[in-house]
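Visitor: There's a structure below that I have some questions on.
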Amino acid sequence: MAYDPATYEALRRQALASYSQRSAMNAYNRYLAETRGQRPILELEEAAFGARKEVPRLTSSYGRRGLQGQGVKSGVYSKALSDYATNRARKLGYAREDLASSLRGYDLTGAGYQSEYEDTLADIERRKAADIAADAAALQNL
């Protein structure tokens, strides 16, 4: 077989097109996952004093019962605030951890696509070198 550089260039372009398509889809899916993962974090961060006003409602409910206010130090009130803060921090931590692990999966997939693309290019170069060597050997035998 005669060495034809167009064959190897076509294989290289095909590998690049496949890599580009898969990599772009992975990047888009990562973006969507990041957007979906940010929503619960934002909701948790805004819940305390945002639209849901969890902290003012909590403090006012204890104030109405006389467990919080001017000169009043209630252990029940302190415990409730502490529990609220602990639960909020735990939920935020879990949400951030879930988001990070999800994004890590997309990053690993992208690295896998890159590695596969580089391996494909190396295989094409090996085939190219082997065909050139075979053609050179055939010419030398003539």
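Please note that chains go A, B, ... in the order of the structure tokens, that every chain numbers its residues from 1, and that ligands are numbered from 1 in the order shown.
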Could you give me, as a tab-separated table, every stretch 88-127 of chain A residue with an atom at most 9 Å from stretch 24-42 of chain A, plus its closest atom pair and distance in Å to one decimal, counting only C-alpha atoms, rows ordered by chain then number?
Guide:
residue	atom	partner	partner_atom	distance
A:Lys91	CA	A:Ile41	CA	8.5
A:Leu92	CA	A:Ile41	CA	6.1
A:Gly93	CA	A:Ile41	CA	8.9
A:Ala95	CA	A:Ile41	CA	6.1
A:Arg96	CA	A:Ile41	CA	6.9
A:Asp98	CA	A:Gly37	CA	7.6
A:Leu99	CA	A:Gly37	CA	5.2
A:Ala100	CA	A:Glu34	CA	8.7
A:Ser102	CA	A:Ala33	CA	7.2
A:Leu103	CA	A:Arg30	CA	6.2
A:Gly105	CA	A:Arg30	CA	8.8
A:Tyr106	CA	A:Arg30	CA	5.8
A:Asp107	CA	A:Arg30	CA	8.1
A:Thr109	CA	A:Asn26	CA	7.4
A:Gly110	CA	A:Asn26	CA	6.6
Visitor: Next, the residues of the selection above should be written as a PDB file, in the first residue's frame with C-alpha atoms.
Guide:
ATOM      1  CA  LYS A  91     -27.459  21.339  54.998  1.00  0.00           C
ATOM      2  CA  LEU A  92     -25.225  23.912  53.297  1.00  0.00           C
ATOM      3  CA  GLY A  93     -22.222  21.632  53.688  1.00  0.00           C
ATOM      4  CA  ALA A  95     -25.368  20.751  49.315  1.00  0.00           C
ATOM      5  CA  ARG A  96     -21.886  22.079  48.534  1.00  0.00           C
ATOM      6  CA  ASP A  98     -23.029  17.158  46.491  1.00  0.00           C
ATOM      7  CA  LEU A  99     -22.349  19.888  43.959  1.00  0.00           C
ATOM      8  CA  ALA A 100     -18.579  19.393  44.144  1.00  0.00           C
ATOM      9  CA  SER A 102     -21.195  16.030  40.768  1.00  0.00           C
ATOM     10  CA  LEU A 103     -18.852  18.477  39.066  1.00  0.00           C
ATOM     11  CA  GLY A 105     -17.602  13.513  37.779  1.00  0.00           C
ATOM     12  CA  TYR A 106     -17.905  15.810  34.769  1.00  0.00           C
ATOM     13  CA  ASP A 107     -14.271  16.862  35.151  1.00  0.00           C
ATOM     14  CA  THR A 109     -15.278  12.501  32.119  1.00  0.00           C
ATOM     15  CA  GLY A 110     -13.668  15.450  30.323  1.00  0.00           C
TER      16      GLY A 110
END
Visitor: Going by DSSP on the backbone, which residues of stretch 4-141 of chain A come out as strand (DSSP E or B)? List them as a PyMOL selection string.
Guide: chain A and resi 68-69+72-73
Visitor: Work out how far apart atom CA of A:Gly63 and atom CA of A:Gly50 are and give it in Å to one decimal.
Guide: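 Separation of atom CA of A:Gly63 and atom CA of A:Gly50: 20.3 Å.
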Visitor: So which residues touch A:Ala2 within 9 Å, counting only C-alpha atoms, skipping near sequence neighbours fewer than 4 positions away, as a PyMOL selection string?
Guide: chain A and resi 131-132+134-135
Visitor: Would you mind exporting C-alpha atoms of the selected residues as a PDB file, in the first residue's frame?
Guide:
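File produced: part20.pdb:
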ATOM      1  CA  ASP A 131       2.872   2.281   6.747  1.00  0.00           C
ATOM      2  CA  ILE A 132       5.799   4.545   5.855  1.00  0.00           C
ATOM      3  CA  ALA A 134       6.411  -0.813   5.118  1.00  0.00           C
ATOM      4  CA  ASP A 135       6.477   1.310   1.962  1.00  0.00           C
TER       5      ASP A 135
END
Visitor: Would you mind listing what lies within 7 Å of stretch 6-14 of chain A as a ChimeraX atom specification, with only C-alpha atoms counted and same-chain residues fewer than 5 positions away left out?
Guide: /A:121,124,128
